[in-house]
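Source file: work_10.pdb. Holds: PDB, C-alpha atoms and all ligand atoms.
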ATOM      1  CA  MET L   3      70.427 -87.631 -90.631
ATOM      2  CA  LYS L   4      71.882 -84.217 -91.385
ATOM      3  CA  LEU L   5      70.133 -81.098 -90.201
ATOM      4  CA  ALA L   6      70.389 -77.472 -91.325
ATOM      5  CA  ILE L   7      69.009 -74.554 -89.309
ATOM      6  CA  VAL L   8      68.390 -71.129 -90.822
ATOM      7  CA  GLY L   9      69.385 -67.966 -88.961
ATOM      8  CA  ASN L  10      70.669 -66.974 -85.544
ATOM      9  CA  GLY L  11      67.352 -66.628 -83.727
ATOM     10  CA  SER L  12      66.448 -67.935 -80.311
ATOM     11  CA  ILE L  13      64.342 -70.883 -81.502
ATOM     12  CA  GLY L  14      67.105 -71.758 -83.982
ATOM     13  CA  GLY L  15      69.529 -71.796 -81.023
ATOM     14  CA  LEU L  16      67.158 -74.020 -79.097
ATOM     15  CA  VAL L  17      66.915 -76.509 -81.999
ATOM     16  CA  LEU L  18      70.717 -76.397 -82.369
ATOM     17  CA  TYR L  19      71.058 -77.266 -78.688
ATOM     18  CA  ARG L  20      68.542 -80.116 -78.919
ATOM     19  CA  ALA L  21      70.375 -81.495 -81.993
ATOM     20  CA  HIS L  22      73.693 -81.243 -80.145
ATOM     21  CA  ARG L  23      72.281 -83.283 -77.245
ATOM     22  CA  LEU L  24      71.002 -85.885 -79.730
ATOM     23  CA  ASP L  25      74.355 -86.006 -81.577
ATOM     24  CA  ILE L  26      72.814 -84.813 -84.832
ATOM     25  CA  PRO L  27      75.223 -82.776 -87.002
ATOM     26  CA  VAL L  28      73.993 -79.262 -87.804
ATOM     27  CA  LEU L  29      74.802 -76.895 -90.647
ATOM     28  CA  ARG L  30      73.822 -73.294 -89.950
ATOM     29  CA  LEU L  31      72.566 -71.193 -92.864
ATOM     30  CA  THR L  32      72.700 -67.414 -92.661
ATOM     31  CA  ARG L  33      72.556 -64.479 -95.049
ATOM     32  CA  THR L  34      76.213 -63.565 -94.585
ATOM     33  CA  GLY L  35      77.600 -67.032 -93.817
ATOM     34  CA  GLN L  36      79.676 -65.505 -91.037
ATOM     35  CA  ALA L  37      80.635 -68.164 -88.485
ATOM     36  CA  GLY L  38      80.280 -67.506 -84.772
ATOM     37  CA  SER L  39      79.650 -69.441 -81.608
ATOM     38  CA  ILE L  40      76.431 -69.482 -79.593
ATOM     39  CA  ALA L  41      76.433 -69.826 -75.806
ATOM     40  CA  ILE L  42      73.289 -71.702 -74.833
ATOM     41  CA  SER L  43      71.992 -72.008 -71.297
ATOM     42  CA  ASP L  44      69.188 -74.221 -70.079
ATOM     43  CA  LYS L  45      67.980 -74.264 -66.458
ATOM     44  CA  GLU L  46      68.260 -78.047 -66.341
ATOM     45  CA  GLN L  47      71.733 -78.559 -67.885
ATOM     46  CA  ALA L  48      75.201 -77.040 -67.769
ATOM     47  CA  PRO L  49      75.621 -74.210 -70.355
ATOM     48  CA  VAL L  50      77.309 -75.108 -73.649
ATOM     49  CA  THR L  51      78.989 -73.082 -76.372
ATOM     50  CA  LEU L  52      78.380 -74.411 -79.878
ATOM     51  CA  SER L  53      80.112 -73.420 -83.120
ATOM     52  CA  PRO L  54      78.177 -75.071 -85.964
ATOM     53  CA  MET L  55      79.536 -75.102 -89.491
ATOM     54  CA  THR L  56      77.998 -72.072 -91.223
ATOM     55  CA  GLN L  57      77.368 -71.160 -94.860
ATOM     56  CA  THR L  58      75.208 -68.725 -96.821
ATOM     57  CA  LEU L  59      71.680 -69.599 -97.881
ATOM     58  CA  ASP L  60      72.600 -69.530-101.556
ATOM     59  CA  MET L  61      75.144 -72.389-101.525
ATOM     60  CA  ASP L  62      74.211 -76.036-102.094
ATOM     61  CA  ILE L  63      72.691 -77.334 -98.865
ATOM     62  CA  ASP L  64      73.740 -80.804 -97.738
ATOM     63  CA  ALA L  65      70.949 -81.736 -95.338
ATOM     64  CA  ASP L  66      68.031 -84.145 -94.975
ATOM     65  CA  MET L  67      65.993 -81.493 -93.187
ATOM     66  CA  VAL L  68      66.186 -77.682 -93.132
ATOM     67  CA  ILE L  69      64.452 -75.991 -90.209
ATOM     68  CA  VAL L  70      63.430 -72.365 -90.859
ATOM     69  CA  PRO L  71      62.735 -70.842 -87.419
ATOM     70  CA  LEU L  72      62.487 -67.249 -88.622
ATOM     71  CA  LYS L  73      59.971 -64.466 -88.161
ATOM     72  CA  ALA L  74      56.990 -64.932 -90.496
ATOM     73  CA  PHE L  75      58.051 -61.972 -92.657
ATOM     74  CA  GLN L  76      61.543 -63.437 -93.167
ATOM     75  CA  ILE L  77      60.332 -66.839 -94.389
ATOM     76  CA  LEU L  78      59.726 -66.131 -98.088
ATOM     77  CA  PRO L  79      62.948 -64.174 -98.731
ATOM     78  CA  ALA L  80      64.905 -67.029 -97.102
ATOM     79  CA  LEU L  81      63.058 -69.697 -99.120
ATOM     80  CA  LYS L  82      63.702 -67.776-102.350
ATOM     81  CA  GLN L  83      67.435 -67.698-101.601
ATOM     82  CA  MET L  84      67.541 -71.421-100.798
ATOM     83  CA  ALA L  85      65.176 -72.688-103.497
ATOM     84  CA  ASP L  86      67.810 -73.596-106.131
ATOM     85  CA  HIS L  87      70.222 -75.059-103.574
ATOM     86  CA  LEU L  88      68.050 -77.683-101.903
ATOM     87  CA  ALA L  89      68.136 -81.371-102.867
ATOM     88  CA  ALA L  90      64.822 -82.738-104.142
ATOM     89  CA  GLN L  91      64.190 -84.859-101.031
ATOM     90  CA  THR L  92      65.300 -82.365 -98.367
ATOM     91  CA  THR L  93      62.348 -81.591 -96.115
ATOM     92  CA  VAL L  94      61.841 -77.917 -95.247
ATOM     93  CA  VAL L  95      60.233 -77.138 -91.872
ATOM     94  CA  LEU L  96      58.645 -73.719 -91.320
ATOM     95  CA  LEU L  97      58.473 -72.838 -87.636
ATOM     96  CA  HIS L  98      56.972 -69.455 -86.841
ATOM     97  CA  ASN L  99      54.216 -67.512 -85.100
ATOM     98  CA  GLY L 100      51.262 -66.311 -87.142
ATOM     99  CA  MET L 101      49.779 -67.523 -90.417
ATOM    100  CA  GLY L 102      49.679 -66.669 -94.097
ATOM    101  CA  THR L 103      52.976 -68.089 -95.392
ATOM    102  CA  ALA L 104      51.886 -71.598 -96.475
ATOM    103  CA  ASP L 105      50.610 -70.945-100.015
ATOM    104  CA  LYS L 106      53.576 -68.783-101.033
ATOM    105  CA  ALA L 107      56.020 -71.278 -99.483
ATOM    106  CA  LEU L 108      54.478 -74.085-101.551
ATOM    107  CA  GLU L 109      54.929 -71.946-104.691
ATOM    108  CA  THR L 110      58.522 -71.016-103.807
ATOM    109  CA  VAL L 111      60.044 -74.437-103.108
ATOM    110  CA  SER L 112      59.228 -77.803-104.657
ATOM    111  CA  GLN L 113      60.615 -79.847-101.744
ATOM    112  CA  PRO L 114      58.575 -81.685 -99.070
ATOM    113  CA  LEU L 115      57.276 -79.083 -96.603
ATOM    114  CA  ILE L 116      56.224 -79.191 -92.949
ATOM    115  CA  MET L 117      54.434 -76.341 -91.150
ATOM    116  CA  ALA L 118      55.023 -76.400 -87.398
ATOM    117  CA  THR L 119      54.423 -74.337 -84.328
ATOM    118  CA  THR L 120      56.024 -74.810 -80.924
ATOM    119  CA  SER L 121      55.528 -73.572 -77.390
ATOM    120  CA  TYR L 122      59.177 -74.149 -76.424
ATOM    121  CA  GLY L 123      60.506 -70.881 -75.057
ATOM    122  CA  ALA L 124      63.890 -69.231 -75.644
ATOM    123  CA  TYR L 125      65.277 -65.721 -75.943
ATOM    124  CA  ARG L 126      68.513 -64.009 -76.920
ATOM    125  CA  PRO L 127      69.757 -61.879 -74.005
ATOM    126  CA  HIS L 128      72.634 -60.711 -76.257
ATOM    127  CA  PRO L 129      73.776 -61.591 -79.786
ATOM    128  CA  GLY L 130      75.528 -64.972 -79.678
ATOM    129  CA  GLU L 131      73.655 -66.071 -76.547
ATOM    130  CA  VAL L 132      70.452 -68.067 -76.198
ATOM    131  CA  THR L 133      68.613 -68.776 -72.944
ATOM    132  CA  ILE L 134      66.093 -71.603 -72.976
ATOM    133  CA  THR L 135      63.160 -70.638 -70.751
ATOM    134  CA  GLY L 136      60.929 -73.647 -70.966
ATOM    135  CA  HIS L 137      60.189 -76.980 -72.510
ATOM    136  CA  GLY L 138      56.996 -77.064 -74.497
ATOM    137  CA  SER L 139      55.257 -79.066 -77.163
ATOM    138  CA  THR L 140      55.121 -78.933 -80.940
ATOM    139  CA  GLN L 141      52.308 -79.213 -83.442
ATOM    140  CA  ALA L 142      53.141 -80.100 -87.034
ATOM    141  CA  GLY L 143      51.533 -81.006 -90.331
ATOM    142  CA  TRP L 144      52.802 -81.914 -93.785
ATOM    143  CA  LEU L 145      51.991 -79.301 -96.450
ATOM    144  CA  ARG L 146      53.731 -81.449 -99.063
ATOM    145  CA  THR L 147      54.850 -85.016 -98.331
ATOM    146  CA  PRO L 148      58.043 -86.679 -99.617
ATOM    147  CA  ALA L 149      57.762 -89.089-102.534
ATOM    148  CA  SER L 150      58.259 -92.165-100.334
ATOM    149  CA  ARG L 151      56.506 -93.303 -97.170
ATOM    150  CA  SER L 152      59.830 -94.276 -95.554
ATOM    151  CA  LEU L 153      61.239 -90.769 -96.021
ATOM    152  CA  LYS L 154      58.054 -89.245 -94.594
ATOM    153  CA  ASP L 155      58.324 -91.503 -91.519
ATOM    154  CA  ALA L 156      62.049 -90.818 -91.063
ATOM    155  CA  HIS L 157      61.638 -87.030 -91.317
ATOM    156  CA  SER L 158      58.580 -87.015 -89.035
ATOM    157  CA  ALA L 159      60.599 -89.058 -86.521
ATOM    158  CA  LEU L 160      63.472 -86.556 -86.675
ATOM    159  CA  LEU L 161      61.170 -83.652 -85.776
ATOM    160  CA  ASN L 162      59.608 -85.802 -83.013
ATOM    161  CA  ARG L 163      63.068 -86.248 -81.487
ATOM    162  CA  LEU L 164      64.091 -82.611 -81.859
ATOM    163  CA  LEU L 165      61.043 -80.889 -80.360
ATOM    164  CA  PRO L 166      59.051 -83.463 -78.371
ATOM    165  CA  PRO L 167      56.233 -84.094 -77.771
ATOM    166  CA  CYS L 168      55.250 -83.464 -81.367
ATOM    167  CA  GLN L 169      51.619 -83.832 -82.317
ATOM    168  CA  TRP L 170      50.816 -84.358 -86.011
ATOM    169  CA  PHE L 171      47.768 -82.841 -87.715
ATOM    170  CA  GLU L 172      46.115 -83.706 -91.048
ATOM    171  CA  ASP L 173      45.232 -80.015 -91.297
ATOM    172  CA  ILE L 174      47.808 -77.937 -89.413
ATOM    173  CA  ARG L 175      45.653 -74.790 -89.799
ATOM    174  CA  HIS L 176      43.637 -75.958 -86.774
ATOM    175  CA  ALA L 177      46.719 -75.933 -84.521
ATOM    176  CA  GLN L 178      47.967 -72.689 -86.076
ATOM    177  CA  TRP L 179      44.659 -70.943 -85.351
ATOM    178  CA  GLN L 180      44.774 -72.084 -81.718
ATOM    179  CA  LYS L 181      48.256 -70.584 -81.360
ATOM    180  CA  LEU L 182      47.275 -67.464 -83.304
ATOM    181  CA  ALA L 183      44.284 -66.941 -80.980
ATOM    182  CA  VAL L 184      46.678 -66.756 -78.005
ATOM    183  CA  ASN L 185      49.326 -64.690 -79.815
ATOM    184  CA  ALA L 186      46.683 -62.201 -81.063
ATOM    185  CA  VAL L 187      45.879 -61.352 -77.430
ATOM    186  CA  ILE L 188      49.206 -61.578 -75.588
ATOM    187  CA  ASN L 189      51.677 -60.306 -78.177
ATOM    188  CA  PRO L 190      50.096 -56.965 -79.180
ATOM    189  CA  LEU L 191      48.967 -56.102 -75.629
ATOM    190  CA  THR L 192      52.368 -56.799 -74.069
ATOM    191  CA  ALA L 193      54.088 -54.927 -76.925
ATOM    192  CA  LEU L 194      51.841 -51.894 -76.561
ATOM    193  CA  HIS L 195      51.911 -51.740 -72.766
ATOM    194  CA  ARG L 196      55.621 -52.690 -72.614
ATOM    195  CA  CYS L 197      54.876 -55.340 -70.004
ATOM    196  CA  ARG L 198      55.574 -58.967 -69.154
ATOM    197  CA  ASN L 199      52.980 -61.629 -70.040
ATOM    198  CA  GLY L 200      51.892 -61.937 -66.390
ATOM    199  CA  GLU L 201      50.764 -58.280 -66.253
ATOM    200  CA  LEU L 202      47.826 -59.192 -68.501
ATOM    201  CA  LEU L 203      46.317 -61.138 -65.597
ATOM    202  CA  LYS L 204      45.395 -57.802 -64.010
ATOM    203  CA  PRO L 205      41.620 -57.052 -64.050
ATOM    204  CA  ALA L 206      42.252 -53.893 -66.108
ATOM    205  CA  PHE L 207      42.887 -56.066 -69.207
ATOM    206  CA  HIS L 208      39.983 -58.455 -68.729
ATOM    207  CA  SER L 209      37.266 -56.834 -70.846
ATOM    208  CA  GLN L 210      39.587 -56.067 -73.775
ATOM    209  CA  MET L 211      40.953 -59.638 -73.730
ATOM    210  CA  THR L 212      37.379 -60.984 -73.607
ATOM    211  CA  ARG L 213      36.345 -58.902 -76.642
ATOM    212  CA  LEU L 214      39.440 -59.972 -78.594
ATOM    213  CA  CYS L 215      38.683 -63.650 -77.915
ATOM    214  CA  GLU L 216      35.035 -63.216 -78.919
ATOM    215  CA  GLU L 217      36.076 -61.711 -82.248
ATOM    216  CA  THR L 218      38.737 -64.395 -82.809
ATOM    217  CA  ALA L 219      36.216 -67.167 -82.109
ATOM    218  CA  ALA L 220      33.776 -65.681 -84.648
ATOM    219  CA  VAL L 221      36.489 -65.638 -87.345
ATOM    220  CA  MET L 222      37.598 -69.179 -86.484
ATOM    221  CA  GLU L 223      34.002 -70.420 -86.717
ATOM    222  CA  ALA L 224      33.659 -68.732 -90.122
ATOM    223  CA  GLU L 225      36.871 -70.548 -91.148
ATOM    224  CA  GLY L 226      35.208 -73.870 -90.326
ATOM    225  CA  MET L 227      36.707 -74.412 -86.863
ATOM    226  CA  ILE L 228      34.960 -75.055 -83.580
ATOM    227  CA  ALA L 229      35.875 -72.186 -81.245
ATOM    228  CA  ASP L 230      34.528 -71.162 -77.859
ATOM    229  CA  PRO L 231      35.508 -67.601 -76.839
ATOM    230  CA  ARG L 232      35.608 -68.580 -73.151
ATOM    231  CA  GLN L 233      38.030 -71.407 -73.906
ATOM    232  CA  LEU L 234      40.219 -69.100 -75.996
ATOM    233  CA  LEU L 235      40.326 -66.595 -73.138
ATOM    234  CA  ALA L 236      41.040 -69.358 -70.597
ATOM    235  CA  ARG L 237      43.936 -70.596 -72.757
ATOM    236  CA  ALA L 238      45.381 -67.092 -73.167
ATOM    237  CA  LEU L 239      45.181 -66.568 -69.382
ATOM    238  CA  THR L 240      46.850 -69.945 -68.758
ATOM    239  CA  VAL L 241      49.734 -68.964 -71.062
ATOM    240  CA  CYS L 242      49.999 -65.607 -69.215
ATOM    241  CA  ARG L 243      50.214 -67.503 -65.928
ATOM    242  CA  GLN L 244      52.722 -70.091 -67.210
ATOM    243  CA  THR L 245      54.952 -67.445 -68.796
ATOM    244  CA  ALA L 246      54.214 -64.652 -66.302
ATOM    245  CA  ASP L 247      57.863 -63.539 -65.987
ATOM    246  CA  ASN L 248      58.578 -63.634 -69.724
ATOM    247  CA  TYR L 249      58.326 -60.882 -72.275
ATOM    248  CA  SER L 250      56.481 -61.916 -75.453
ATOM    249  CA  SER L 251      58.399 -62.024 -78.711
ATOM    250  CA  MET L 252      56.496 -58.957 -79.960
ATOM    251  CA  ASN L 253      57.322 -57.051 -76.788
ATOM    252  CA  ARG L 254      61.019 -57.812 -77.448
ATOM    253  CA  ASP L 255      60.712 -56.719 -81.088
ATOM    254  CA  VAL L 256      59.082 -53.408 -80.177
ATOM    255  CA  ASP L 257      61.624 -52.858 -77.412
ATOM    256  CA  ALA L 258      64.484 -53.384 -79.899
ATOM    257  CA  HIS L 259      62.773 -51.249 -82.610
ATOM    258  CA  ARG L 260      62.523 -54.291 -84.891
ATOM    259  CA  PRO L 261      59.623 -55.077 -87.263
ATOM    260  CA  THR L 262      56.935 -57.207 -85.587
ATOM    261  CA  GLU L 263      54.922 -60.221 -86.748
ATOM    262  CA  MET L 264      51.704 -58.180 -86.368
ATOM    263  CA  GLU L 265      50.745 -58.499 -90.035
ATOM    264  CA  TYR L 266      50.943 -62.313 -89.797
ATOM    265  CA  ILE L 267      49.059 -62.547 -86.481
ATOM    266  CA  THR L 268      46.348 -59.870 -86.139
ATOM    267  CA  GLY L 269      46.772 -58.827 -89.793
ATOM    268  CA  PHE L 270      46.009 -62.378 -90.951
ATOM    269  CA  LEU L 271      42.998 -62.534 -88.625
ATOM    270  CA  LEU L 272      41.668 -59.206 -89.987
ATOM    271  CA  GLN L 273      42.146 -60.388 -93.551
ATOM    272  CA  ARG L 274      40.147 -63.591 -92.878
ATOM    273  CA  ALA L 275      37.479 -61.551 -91.035
ATOM    274  CA  ARG L 276      37.096 -59.272 -94.077
ATOM    275  CA  ALA L 277      36.831 -62.294 -96.381
ATOM    276  CA  HIS L 278      33.859 -63.493 -94.299
ATOM    277  CA  GLY L 279      32.302 -60.020 -93.981
ATOM    278  CA  LEU L 280      32.895 -59.975 -90.200
ATOM    279  CA  ASP L 281      33.484 -56.878 -88.121
ATOM    280  CA  THR L 282      36.448 -57.126 -85.688
ATOM    281  CA  PRO L 283      36.834 -53.634 -84.168
ATOM    282  CA  ALA L 284      38.838 -54.693 -81.093
ATOM    283  CA  HIS L 285      41.500 -56.411 -83.245
ATOM    284  CA  GLN L 286      41.399 -53.584 -85.806
ATOM    285  CA  HIS L 287      42.065 -50.996 -83.111
ATOM    286  CA  LEU L 288      44.931 -52.992 -81.587
ATOM    287  CA  PHE L 289      46.400 -53.596 -85.061
ATOM    288  CA  GLU L 290      46.495 -49.869 -85.792
ATOM    289  CA  GLU L 291      48.043 -49.075 -82.412
ATOM    290  CA  VAL L 292      50.837 -51.661 -82.773
ATOM    291  CA  MET L 293      51.525 -50.855 -86.436
ATOM    292  CA  ALA L 294      51.996 -47.223 -85.396
ATOM    293  CA  ILE L 295      54.987 -48.287 -83.232
ATOM    294  CA  THR L 296      56.311 -50.960 -85.629
ATOM    295  CA  PRO L 297      59.191 -49.945 -87.944
ATOM    296  CA  PRO L 298      58.673 -50.873 -91.623
ATOM    297  CA  LEU L 299      60.244 -54.035 -93.038
ATOM    298  CA  GLY L 300      63.753 -53.588 -94.457
ATOM    299  CA  ASP L 301      64.939 -54.944 -97.827
ATOM    300  CA  ASN L 302      65.850 -58.348 -96.456
ATOM    301  CA  GLU L 303      62.680 -58.751 -94.525
ATOM    302  CA  ALA L 304      59.965 -57.877 -97.045
TER     303      ALA L 304
HETATM  304  O1  LIG L 401      54.372 -67.300 -78.429
HETATM  305  C1  LIG L 401      54.521 -66.407 -77.609
HETATM  306  C2  LIG L 401      55.390 -65.285 -78.015
HETATM  307  O2  LIG L 401      55.934 -64.600 -77.163
HETATM  308  O3  LIG L 401      55.533 -65.098 -79.225
HETATM  309  C3  LIG L 401      53.782 -66.448 -76.303
HETATM  310  C4  LIG L 401      52.910 -67.675 -76.286
HETATM  311  C5  LIG L 401      52.943 -65.227 -76.150
HETATM  312  C6  LIG L 401      54.697 -66.574 -75.112
HETATM  313  O4  LIG L 401      55.355 -65.401 -74.783
END

Just give me the structure as structure tokens.
Ligand code: KPL
Amino acid sequence: MKLAIVGNGSIGGLVLYRAHRLDIPVLRLTRTGQAGSIAISDKEQAPVTLSPMTQTLDMDIDADMVIVPLKAFQILPALKQMADHLAAQTTVVLLHNGMGTADKALETVSQPLIMATTSYGAYRPHPGEVTITGHGSTQAGWLRTPASRSLKDAHSALLNRLLPPCQWFEDIRHAQWQKLAVNAVINPLTALHRCRNGELLKPAFHSQMTRLCEETAAVMEAEGMIADPRQLLARALTVCRQTADNYSSMNRDVDAHRPTEMEYITGFLLQRARAHGLDTPAHQHLFEEVMAITPPLGDNEA
């Protein structure tokens, strides 16, 4: 099996490292095609420096699976660049926080498509370096299956090996909403207050977090999901506890003056709330506050 990974992000580095340990060859795809090594450190193993073969996104891609671990707002531009260079049976895996990319992705590429979300943790202390902070789990679902059953099984098995344990869903939206419910609390609050995830355990945040989870649960119910606001809050608090020393990805983006995934997390939630005629003032307020400190998307990000 040949794997391609798009971009130089932290989760891409993590997948590259996992593939290296499994002896799976990796082709890296970037906008510029500029080669460069990545130093990857993992608490449990000796650090390694990897120099995968690299090419631009708009050259023919020789891979059985292409993993796209980009920010939600970078997904469609990357898919557009790759669309004419993918083989018919190459499976594309979208791996990002937030929701709202599935329909456009299905229109943009005709290949088999997996939507996935993972709780593996990694960050980039400096360009060319990735630190793996924790092993997690992965949830995945096929948006479009390959023509043959054997290819579907082989590609599912590859993702199972790369990011285990991997749980498969008939309707991945359920798993995405669960992740979004947590991200819609932790990410904007830690970005706005410039704090680590663990700070949100302080009583000062409790009532706002409770209101956010109540609103999220109402939207999820309207979307046909079973959602208990107390369980959503309990899960968000558990993630804060488990990742207490970490900064959320949105906190890092705001800190580095980069665009955030706010429109695909809270923005998606607000859009679904509007579609159901629901009022979500706590999310609306937080959305406006974070958007006020979020730089606009550049040409390559829109
Ligand atoms: O997914 C995350 C993120 O930072 O984007 C959480 C779960 C909040 C962990 O930091």

Using all atoms listed in the file, find each protein or nucleic acid residue lying at most 8 Å from ligand LIG 401 (chain L); present the set as number ranges by chain. L: 99, 121, 123, 181, 184-185, 188-189, 199, 241-242, 245, 248-253

What do you get, as a short mmCIF file (atom, residue, chain, number, x, y, z; two decimals) with C-alpha atoms, in the frame of the given file, if you spell out every residue that the PyMOL selection byres (((chain L and resi 238) around 9) and not hetatm) selects here?
data_model
loop_
_atom_site.label_atom_id
_atom_site.label_comp_id
_atom_site.auth_asym_id
_atom_site.auth_seq_id
_atom_site.Cartn_x
_atom_site.Cartn_y
_atom_site.Cartn_z
CA ALA L 183 44.28 -66.94 -80.98
CA VAL L 184 46.68 -66.76 -78.00
CA ASN L 185 49.33 -64.69 -79.82
CA VAL L 187 45.88 -61.35 -77.43
CA ILE L 188 49.21 -61.58 -75.59
CA MET L 211 40.95 -59.64 -73.73
CA CYS L 215 38.68 -63.65 -77.92
CA GLN L 233 38.03 -71.41 -73.91
CA LEU L 234 40.22 -69.10 -76.00
CA LEU L 235 40.33 -66.60 -73.14
CA ALA L 236 41.04 -69.36 -70.60
CA ARG L 237 43.94 -70.60 -72.76
CA LEU L 239 45.18 -66.57 -69.38
CA THR L 240 46.85 -69.94 -68.76
CA VAL L 241 49.73 -68.96 -71.06
CA CYS L 242 50.00 -65.61 -69.22
CA ARG L 243 50.21 -67.50 -65.93
#

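The smallest atom-to-atom distance between Leu271 of chain L and any of L:Ser39, L:Gln286, L:Thr103, L:Thr92, using only C-alpha atoms, is found for L:Gln286.
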
Of the candidates L:Leu191, L:Gly100, L:Asp155, L:Cys168, which shows the shortest atom-to-atom distance to Ile267 of chain L, using only C-alpha atoms? L:Gly100

Around all the atoms of segment 151-167 of chain L listed in the file, draw an axis-aligned box and extend it by 5 Å on each of the six sides; I want its centre and edge lengths in Å to one decimal, as AutoDock Vina command-line options.
--center_x 60.2 --center_y -87.6 --center_z -87.5 --size_x 17.9 --size_y 23.4 --size_z 29.4

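When you apply the PyMOL selection byres (((chain L and resi 6-18) around 6) and not hetatm) to this structure, what comes back is L:Leu5, L:Tyr19, L:Arg20, L:Ala21, L:Val28, L:Leu29, L:Arg30, L:Leu31, L:Thr32, L:Ala65, L:Val68, L:Ile69, L:Val70, L:Pro71, L:Ala124, L:Tyr125, L:Arg126, L:Val132.
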
Once the PyMOL selection byres (((chain L and resi 140) around 12) and not hetatm) has been applied to the shown file, what residues remain in the selection, as an NGL selection string? :L and (97-98 or 117-123 or 137-139 or 141-143 or 158 or 161-171 or 174 or 177-178 or 181)
